[in-house]
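Novice: For reference, the file model.pdb (PDB, C-alpha atoms) is included below:
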ATOM      1  CA  MET V   1      15.744  -3.868  14.767  1.00  0.00           C
ATOM      2  CA  LYS V   2      15.675  -3.915  10.958  1.00  0.00           C
ATOM      3  CA  ARG V   3      11.953  -3.179  10.933  1.00  0.00           C
ATOM      4  CA  ILE V   4      12.467  -0.194  13.205  1.00  0.00           C
ATOM      5  CA  LEU V   5      15.155   1.148  10.895  1.00  0.00           C
ATOM      6  CA  ILE V   6      12.953   0.585   7.840  1.00  0.00           C
ATOM      7  CA  LEU V   7      10.012   2.277   9.499  1.00  0.00           C
ATOM      8  CA  ALA V   8      12.209   5.153  10.642  1.00  0.00           C
ATOM      9  CA  ALA V   9      13.628   5.562   7.135  1.00  0.00           C
ATOM     10  CA  THR V  10      10.151   5.466   5.627  1.00  0.00           C
ATOM     11  CA  PHE V  11       8.848   8.002   8.105  1.00  0.00           C
ATOM     12  CA  GLY V  12      11.861  10.227   7.511  1.00  0.00           C
ATOM     13  CA  ALA V  13      11.415   9.996   3.755  1.00  0.00           C
ATOM     14  CA  LEU V  14       7.767  10.917   3.972  1.00  0.00           C
ATOM     15  CA  LEU V  15       8.535  13.805   6.285  1.00  0.00           C
ATOM     16  CA  MET V  16      11.320  15.011   4.014  1.00  0.00           C
ATOM     17  CA  ALA V  17       9.156  14.765   0.910  1.00  0.00           C
ATOM     18  CA  THR V  18       6.393  16.682   2.649  1.00  0.00           C
ATOM     19  CA  LEU V  19       8.747  19.404   3.876  1.00  0.00           C
ATOM     20  CA  LEU V  20      10.560  19.731   0.589  1.00  0.00           C
ATOM     21  CA  PHE V  21       7.679  19.690  -1.784  1.00  0.00           C
ATOM     22  CA  GLY V  22       4.715  21.134   0.084  1.00  0.00           C
ATOM     23  CA  ARG V  23       1.164  20.146  -0.573  1.00  0.00           C
ATOM     24  CA  ILE V  24      -0.114  18.463  -3.726  1.00  0.00           C
ATOM     25  CA  ALA V  25      -3.017  20.875  -4.041  1.00  0.00           C
ATOM     26  CA  GLU V  26      -0.666  23.837  -4.273  1.00  0.00           C
ATOM     27  CA  ALA V  27       1.268  22.134  -7.060  1.00  0.00           C
ATOM     28  CA  GLN V  28      -1.865  21.716  -9.084  1.00  0.00           C
ATOM     29  CA  THR V  29      -3.350  25.197  -8.601  1.00  0.00           C
ATOM     30  CA  ALA V  30      -0.527  27.699  -8.076  1.00  0.00           C
ATOM     31  CA  PRO V  31       2.400  28.278 -10.420  1.00  0.00           C
ATOM     32  CA  MET V  32       5.799  27.625  -8.940  1.00  0.00           C
ATOM     33  CA  THR V  33       7.837  30.556  -7.807  1.00  0.00           C
ATOM     34  CA  GLU V  34      11.521  30.967  -8.510  1.00  0.00           C
ATOM     35  CA  ALA V  35      12.151  30.556  -4.777  1.00  0.00           C
ATOM     36  CA  HIS V  36      10.369  27.222  -4.793  1.00  0.00           C
ATOM     37  CA  ILE V  37      12.340  26.073  -7.825  1.00  0.00           C
ATOM     38  CA  ALA V  38      15.564  27.179  -6.160  1.00  0.00           C
ATOM     39  CA  ARG V  39      14.637  25.257  -2.991  1.00  0.00           C
ATOM     40  CA  ILE V  40      14.031  22.106  -5.041  1.00  0.00           C
ATOM     41  CA  ARG V  41      17.418  22.493  -6.733  1.00  0.00           C
ATOM     42  CA  SER V  42      19.246  23.156  -3.458  1.00  0.00           C
ATOM     43  CA  ASN V  43      17.719  20.053  -1.843  1.00  0.00           C
ATOM     44  CA  CYS V  44      17.972  17.909  -4.962  1.00  0.00           C
ATOM     45  CA  ILE V  45      20.627  15.423  -3.875  1.00  0.00           C
ATOM     46  CA  GLU V  46      19.069  14.929  -0.451  1.00  0.00           C
ATOM     47  CA  ALA V  47      15.602  14.502  -1.961  1.00  0.00           C
ATOM     48  CA  GLN V  48      16.833  11.947  -4.489  1.00  0.00           C
ATOM     49  CA  SER V  49      18.670  10.053  -1.777  1.00  0.00           C
ATOM     50  CA  THR V  50      15.574  10.020   0.415  1.00  0.00           C
ATOM     51  CA  LEU V  51      13.415   8.820  -2.464  1.00  0.00           C
ATOM     52  CA  ASN V  52      15.916   6.056  -3.272  1.00  0.00           C
ATOM     53  CA  GLN V  53      15.809   4.883   0.349  1.00  0.00           C
ATOM     54  CA  LEU V  54      12.012   5.008   0.324  1.00  0.00           C
ATOM     55  CA  HIS V  55      11.936   3.061  -2.935  1.00  0.00           C
ATOM     56  CA  SER V  56      14.149   0.337  -1.465  1.00  0.00           C
ATOM     57  CA  SER V  57      12.231   0.036   1.788  1.00  0.00           C
ATOM     58  CA  ASP V  58       8.879   0.074  -0.023  1.00  0.00           C
ATOM     59  CA  ALA V  59      10.012  -2.753  -2.286  1.00  0.00           C
ATOM     60  CA  LEU V  60      10.894  -4.907   0.718  1.00  0.00           C
ATOM     61  CA  LEU V  61       7.645  -4.050   2.461  1.00  0.00           C
ATOM     62  CA  ARG V  62       5.678  -4.819  -0.712  1.00  0.00           C
ATOM     63  CA  VAL V  63       7.237  -8.256  -1.023  1.00  0.00           C
ATOM     64  CA  ASN V  64       6.596  -9.110   2.624  1.00  0.00           C
ATOM     65  CA  ARG V  65       3.094  -7.665   2.653  1.00  0.00           C
ATOM     66  CA  GLY V  66       2.239  -9.222  -0.708  1.00  0.00           C
ATOM     67  CA  GLN V  67       3.367 -12.658   0.454  1.00  0.00           C
ATOM     68  CA  LEU V  68       1.294 -12.315   3.602  1.00  0.00           C
ATOM     69  CA  TYR V  69      -1.804 -11.277   1.642  1.00  0.00           C
ATOM     70  CA  GLU V  70      -1.328 -14.168  -0.789  1.00  0.00           C
ATOM     71  CA  TYR V  71      -0.856 -16.610   2.082  1.00  0.00           C
ATOM     72  CA  ILE V  72      -4.055 -15.452   3.768  1.00  0.00           C
ATOM     73  CA  SER V  73      -5.962 -15.970   0.538  1.00  0.00           C
ATOM     74  CA  THR V  74      -4.477 -19.214  -0.738  1.00  0.00           C
ATOM     75  CA  LYS V  75      -3.605 -20.999   2.497  1.00  0.00           C
ATOM     76  CA  LEU V  76      -6.355 -19.858   4.839  1.00  0.00           C
ATOM     77  CA  MET V  77      -9.475 -18.485   3.175  1.00  0.00           C
ATOM     78  CA  ALA V  78      -9.682 -20.653   0.053  1.00  0.00           C
ATOM     79  CA  PRO V  79      -9.005 -24.015   1.771  1.00  0.00           C
ATOM     80  CA  PHE V  80     -11.429 -23.256   4.591  1.00  0.00           C
ATOM     81  CA  ASN V  81     -14.154 -22.166   2.194  1.00  0.00           C
ATOM     82  CA  SER V  82     -13.572 -25.329   0.140  1.00  0.00           C
ATOM     83  CA  ARG V  83     -13.938 -27.503   3.228  1.00  0.00           C
ATOM     84  CA  LEU V  84     -17.187 -25.787   4.073  1.00  0.00           C
ATOM     85  CA  ALA V  85     -18.535 -26.495   0.594  1.00  0.00           C
ATOM     86  CA  LEU V  86     -17.339 -30.125   0.619  1.00  0.00           C
ATOM     87  CA  ASN V  87     -19.046 -30.679   3.962  1.00  0.00           C
ATOM     88  CA  HIS V  88     -22.247 -28.962   2.787  1.00  0.00           C
ATOM     89  CA  LEU V  89     -21.985 -26.271   5.467  1.00  0.00           C
ATOM     90  CA  ASP V  90     -23.325 -22.759   5.002  1.00  0.00           C
ATOM     91  CA  GLY V  91     -20.322 -20.542   4.448  1.00  0.00           C
ATOM     92  CA  ALA V  92     -21.891 -18.071   2.040  1.00  0.00           C
ATOM     93  CA  THR V  93     -20.872 -15.007   4.025  1.00  0.00           C
ATOM     94  CA  LEU V  94     -17.299 -16.265   4.298  1.00  0.00           C
ATOM     95  CA  VAL V  95     -17.181 -16.891   0.552  1.00  0.00           C
ATOM     96  CA  THR V  96     -18.547 -13.403  -0.110  1.00  0.00           C
ATOM     97  CA  VAL V  97     -15.934 -11.806   2.143  1.00  0.00           C
ATOM     98  CA  ALA V  98     -13.189 -13.915   0.516  1.00  0.00           C
ATOM     99  CA  LYS V  99     -14.332 -12.755  -2.935  1.00  0.00           C
ATOM    100  CA  THR V 100     -14.203  -9.146  -1.777  1.00  0.00           C
ATOM    101  CA  TYR V 101     -10.706  -9.811  -0.423  1.00  0.00           C
ATOM    102  CA  GLU V 102      -9.571 -11.270  -3.762  1.00  0.00           C
ATOM    103  CA  ASP V 103     -10.910  -8.228  -5.609  1.00  0.00           C
ATOM    104  CA  GLN V 104      -9.145  -5.892  -3.183  1.00  0.00           C
ATOM    105  CA  LEU V 105      -5.930  -7.884  -3.503  1.00  0.00           C
ATOM    106  CA  GLY V 106      -6.076  -7.393  -7.269  1.00  0.00           C
ATOM    107  CA  THR V 107      -6.583  -3.666  -6.751  1.00  0.00           C
ATOM    108  CA  PHE V 108      -3.634  -3.603  -4.338  1.00  0.00           C
ATOM    109  CA  ARG V 109      -1.416  -5.235  -6.973  1.00  0.00           C
ATOM    110  CA  ILE V 110      -2.490  -2.736  -9.639  1.00  0.00           C
ATOM    111  CA  ASN V 111      -2.058   0.242  -7.301  1.00  0.00           C
ATOM    112  CA  TYR V 112       1.385  -0.925  -6.236  1.00  0.00           C
ATOM    113  CA  GLN V 113       2.454  -1.454  -9.853  1.00  0.00           C
ATOM    114  CA  GLN V 114       1.308   2.076 -10.734  1.00  0.00           C
ATOM    115  CA  TYR V 115       3.149   3.454  -7.696  1.00  0.00           C
ATOM    116  CA  GLU V 116       6.307   1.541  -8.603  1.00  0.00           C
ATOM    117  CA  GLU V 117       6.216   2.881 -12.163  1.00  0.00           C
ATOM    118  CA  ALA V 118       5.640   6.448 -10.941  1.00  0.00           C
ATOM    119  CA  MET V 119       8.500   6.166  -8.423  1.00  0.00           C
ATOM    120  CA  SER V 120      10.832   4.795 -11.104  1.00  0.00           C
ATOM    121  CA  ARG V 121       9.957   7.710 -13.406  1.00  0.00           C
ATOM    122  CA  THR V 122      10.556  10.166 -10.548  1.00  0.00           C
ATOM    123  CA  LEU V 123      13.951   8.682  -9.759  1.00  0.00           C
ATOM    124  CA  LYS V 124      15.031   9.132 -13.380  1.00  0.00           C
ATOM    125  CA  ILE V 125      14.319  12.877 -13.388  1.00  0.00           C
ATOM    126  CA  ASN V 126      17.267  15.159 -12.752  1.00  0.00           C
ATOM    127  CA  CYS V 127      15.848  17.608 -10.213  1.00  0.00           C
ATOM    128  CA  ASN V 128      18.628  20.121 -10.862  1.00  0.00           C
ATOM    129  CA  ASN V 129      17.820  20.330 -14.573  1.00  0.00           C
ATOM    130  CA  GLN V 130      14.061  19.719 -14.340  1.00  0.00           C
ATOM    131  CA  PRO V 131      12.863  20.905 -10.922  1.00  0.00           C
ATOM    132  CA  VAL V 132       9.239  21.490 -11.952  1.00  0.00           C
ATOM    133  CA  ALA V 133       8.956  18.085 -13.629  1.00  0.00           C
ATOM    134  CA  PHE V 134      10.575  16.508 -10.568  1.00  0.00           C
ATOM    135  CA  TYR V 135       8.147  18.259  -8.239  1.00  0.00           C
ATOM    136  CA  ASP V 136       5.148  17.209 -10.329  1.00  0.00           C
ATOM    137  CA  SER V 137       6.425  13.646 -10.510  1.00  0.00           C
ATOM    138  CA  VAL V 138       6.899  13.501  -6.728  1.00  0.00           C
ATOM    139  CA  ALA V 139       3.328  14.741  -6.275  1.00  0.00           C
ATOM    140  CA  ASP V 140       2.033  12.068  -8.673  1.00  0.00           C
ATOM    141  CA  THR V 141       4.084   9.378  -6.942  1.00  0.00           C
ATOM    142  CA  ARG V 142       2.813  10.513  -3.551  1.00  0.00           C
ATOM    143  CA  SER V 143      -0.814  10.238  -4.691  1.00  0.00           C
ATOM    144  CA  LYS V 144      -0.176   6.738  -6.055  1.00  0.00           C
ATOM    145  CA  ARG V 145       1.528   5.736  -2.801  1.00  0.00           C
ATOM    146  CA  LYS V 146      -1.570   6.904  -0.938  1.00  0.00           C
ATOM    147  CA  LYS V 147      -3.673   4.619  -3.127  1.00  0.00           C
ATOM    148  CA  VAL V 148      -1.442   1.703  -2.106  1.00  0.00           C
ATOM    149  CA  HIS V 149      -1.896   2.690   1.530  1.00  0.00           C
ATOM    150  CA  ASP V 150      -5.664   2.892   1.092  1.00  0.00           C
ATOM    151  CA  SER V 151      -5.619  -0.566  -0.513  1.00  0.00           C
ATOM    152  CA  THR V 152      -3.780  -2.022   2.472  1.00  0.00           C
ATOM    153  CA  LEU V 153      -6.306  -0.483   4.837  1.00  0.00           C
ATOM    154  CA  LEU V 154      -9.164  -2.053   2.874  1.00  0.00           C
ATOM    155  CA  LEU V 155      -7.431  -5.424   2.895  1.00  0.00           C
ATOM    156  CA  GLN V 156      -6.882  -5.220   6.647  1.00  0.00           C
ATOM    157  CA  LYS V 157     -10.551  -4.352   7.172  1.00  0.00           C
ATOM    158  CA  THR V 158     -11.646  -7.270   5.005  1.00  0.00           C
ATOM    159  CA  ILE V 159      -9.344  -9.637   6.891  1.00  0.00           C
ATOM    160  CA  GLN V 160     -11.024  -8.457  10.083  1.00  0.00           C
ATOM    161  CA  ASP V 161     -14.454  -8.954   8.457  1.00  0.00           C
ATOM    162  CA  TYR V 162     -13.491 -12.514   7.525  1.00  0.00           C
ATOM    163  CA  LYS V 163     -12.331 -13.172  11.076  1.00  0.00           C
ATOM    164  CA  ASP V 164     -15.607 -11.796  12.451  1.00  0.00           C
ATOM    165  CA  GLN V 165     -17.655 -13.940  10.071  1.00  0.00           C
ATOM    166  CA  PHE V 166     -15.527 -16.961  10.919  1.00  0.00           C
ATOM    167  CA  GLU V 167     -16.210 -16.441  14.621  1.00  0.00           C
ATOM    168  CA  ILE V 168     -19.957 -16.194  13.929  1.00  0.00           C
ATOM    169  CA  PHE V 169     -19.763 -19.379  11.857  1.00  0.00           C
ATOM    170  CA  ALA V 170     -17.737 -21.164  14.560  1.00  0.00           C
ATOM    171  CA  GLN V 171     -20.298 -20.216  17.215  1.00  0.00           C
ATOM    172  CA  LYS V 172     -23.153 -21.501  15.031  1.00  0.00           C
ATOM    173  CA  PHE V 173     -21.205 -24.666  14.364  1.00  0.00           C
ATOM    174  CA  LYS V 174     -20.671 -25.266  18.101  1.00  0.00           C
ATOM    175  CA  GLU V 175     -24.379 -24.783  18.648  1.00  0.00           C
ATOM    176  CA  GLY V 176     -25.176 -27.201  15.811  1.00  0.00           C
ATOM    177  CA  LYS V 177     -26.811 -24.497  13.675  1.00  0.00           C
ATOM    178  CA  ALA V 178     -24.293 -24.370  10.826  1.00  0.00           C
TER
END
Step by step, read the file and then write its structure as structure tokens.

Specialist:
Amino acid sequence: MKRILILAATFGALLMATLLFGRIAEAQTAPMTEAHIARIRSNCIEAQSTLNQLHSSDALLRVNRGQLYEYISTKLMAPFNSRLALNHLDGATLVTVAKTYEDQLGTFRINYQQYEEAMSRTLKINCNNQPVAFYDSVADTRSKRKKVHDSTLLLQKTIQDYKDQFEIFAQKFKEGKA
């Protein structure tokens, strides 16, 4: 039930941020109109509240996701790859995929840290007094959040790649070809 509420809050926050602040490309190419600035000011409290909720739910998701990613690396991939090496079995492709995973995990950490810093800066801006700065900061935070999302997608793909390579290895092992 908690996950559903967190997901609903996250979805609502993203929807609200999108509705309130438009597209990033427009922010970078077109000057803001007085109407746009007025809309930011009129929705300021709601936007800040939504961003605070998103910040809280993202922090919880980051901890859970980060622990899972670490567990996969340190408790599954690394020990299995070590056993392969100790038993003089060919696990080169698994080691290569695990290395890629480690690199991507490092990128995920960096991207999340940058997102966290951008979100913290955004939350400190008073959108009534500095609506343009707030808007620009939300756009920057959104782009950094997308990088975190892209990192998670890459990690999930690499986990699947490791699983696929493990299944190939297991089949070879059963056939006595490993």

Novice: Would you write out, as a PDB file with C-alpha atoms, keeping the file's coordinate frame, every residue that the PyMOL selection byres ((chain V and resi 40-56) around 6) captures in this file?

Specialist:
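The resulting file, part.pdb, is shown below:
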ATOM      1  CA  THR V  10      10.151   5.466   5.627  1.00  0.00           C
ATOM      2  CA  ALA V  13      11.415   9.996   3.755  1.00  0.00           C
ATOM      3  CA  ILE V  37      12.340  26.073  -7.825  1.00  0.00           C
ATOM      4  CA  ALA V  38      15.564  27.179  -6.160  1.00  0.00           C
ATOM      5  CA  ARG V  39      14.637  25.257  -2.991  1.00  0.00           C
ATOM      6  CA  SER V  57      12.231   0.036   1.788  1.00  0.00           C
ATOM      7  CA  ASP V  58       8.879   0.074  -0.023  1.00  0.00           C
ATOM      8  CA  ALA V  59      10.012  -2.753  -2.286  1.00  0.00           C
ATOM      9  CA  CYS V 127      15.848  17.608 -10.213  1.00  0.00           C
ATOM     10  CA  ASN V 128      18.628  20.121 -10.862  1.00  0.00           C
TER      11      ASN V 128
END

Novice: Compare V:Leu86, V:Leu94, V:Met32, V:Leu61 by their minimum atom-to-atom distance to V:His149, counting all atoms listed in the file, and give me the closest one.

Specialist: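 The shortest atom-to-atom distance to V:His149 comes from V:Leu61.
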
Novice: Just the residues within 8 Å of stretch 100-103 of chain V, please, counting only C-alpha atoms, with nothing from its chain fewer than 4 positions along; format it as a list in words.

Specialist: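 Listing them by chain and then by number gives Ser73, Thr96, Thr107, Leu155, Thr158 and Ile159 of chain V.
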
Novice: For those residues, write C-alpha atoms to a file as a short mmCIF file (atom, residue, chain, number, x, y, z; two decimals), keeping the file's coordinate frame.

Specialist:
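Resulting contents of result-v4.cif:
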data_model
loop_
_atom_site.label_atom_id
_atom_site.label_comp_id
_atom_site.auth_asym_id
_atom_site.auth_seq_id
_atom_site.Cartn_x
_atom_site.Cartn_y
_atom_site.Cartn_z
CA SER V 73 -5.96 -15.97 0.54
CA THR V 96 -18.55 -13.40 -0.11
CA THR V 107 -6.58 -3.67 -6.75
CA LEU V 155 -7.43 -5.42 2.90
CA THR V 158 -11.65 -7.27 5.00
CA ILE V 159 -9.34 -9.64 6.89
#

Novice: Just give me the gap between atom CA of V:Lys75 and atom CA of V:Tyr162 in Å, one decimal is fine.

Specialist: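 These atoms are spaced 14.0 Å apart.
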
Novice: If we count all atoms listed in the file, what is near V:Asn111 at a cut-off of 8 Å, once residues fewer than 5 positions away on the same chain are taken out, given as a CSV table (one decimal) with C-alpha atoms, in the coordinates of the input?

Specialist:
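Done, and the output landed in around-v3.csv:
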chain,number,residue,atom,x,y,z
V,144,LYS,CA,-0.2,6.7,-6.1
V,145,ARG,CA,1.5,5.7,-2.8
V,147,LYS,CA,-3.7,4.6,-3.1
V,148,VAL,CA,-1.4,1.7,-2.1
V,151,SER,CA,-5.6,-0.6,-0.5

Novice: Identify which of the residues V:Asp136, V:Lys172, V:Phe166, V:Leu154 lies closest to V:Leu76, counting only C-alpha atoms when measuring atom-to-atom distances.

Specialist: V:Phe166

Novice: To one decimal place, how far is atom CA of V:Val138 from atom CA of V:Gln156 in Å?

Specialist: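 That distance, rounded to one decimal, is 26.8 Å.
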
Novice: Determine the nearest neighbour of V:Lys177 from the options V:Ile125, V:Met77, V:Leu68, V:Leu89, counting all atoms listed in the file.

Specialist: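 Going through V:Ile125, V:Met77, V:Leu68, V:Leu89 one by one, the smallest distance to V:Lys177 is for V:Leu89.
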
Novice: Report, in Å with one decimal, the straight-line distance from atom CA of V:Gln67 to atom CA of V:Ser137.

Specialist: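 Here the two named atoms are 28.7 Å from each other.
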
Novice: Restricting the calculation to all atoms listed in the file: of V:Ala85, V:Val132, V:Ala92, V:Leu123, which residue gets closest to V:Phe169?

Specialist: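 Going through V:Ala85, V:Val132, V:Ala92, V:Leu123 one by one, the smallest distance to V:Phe169 is for V:Ala92.
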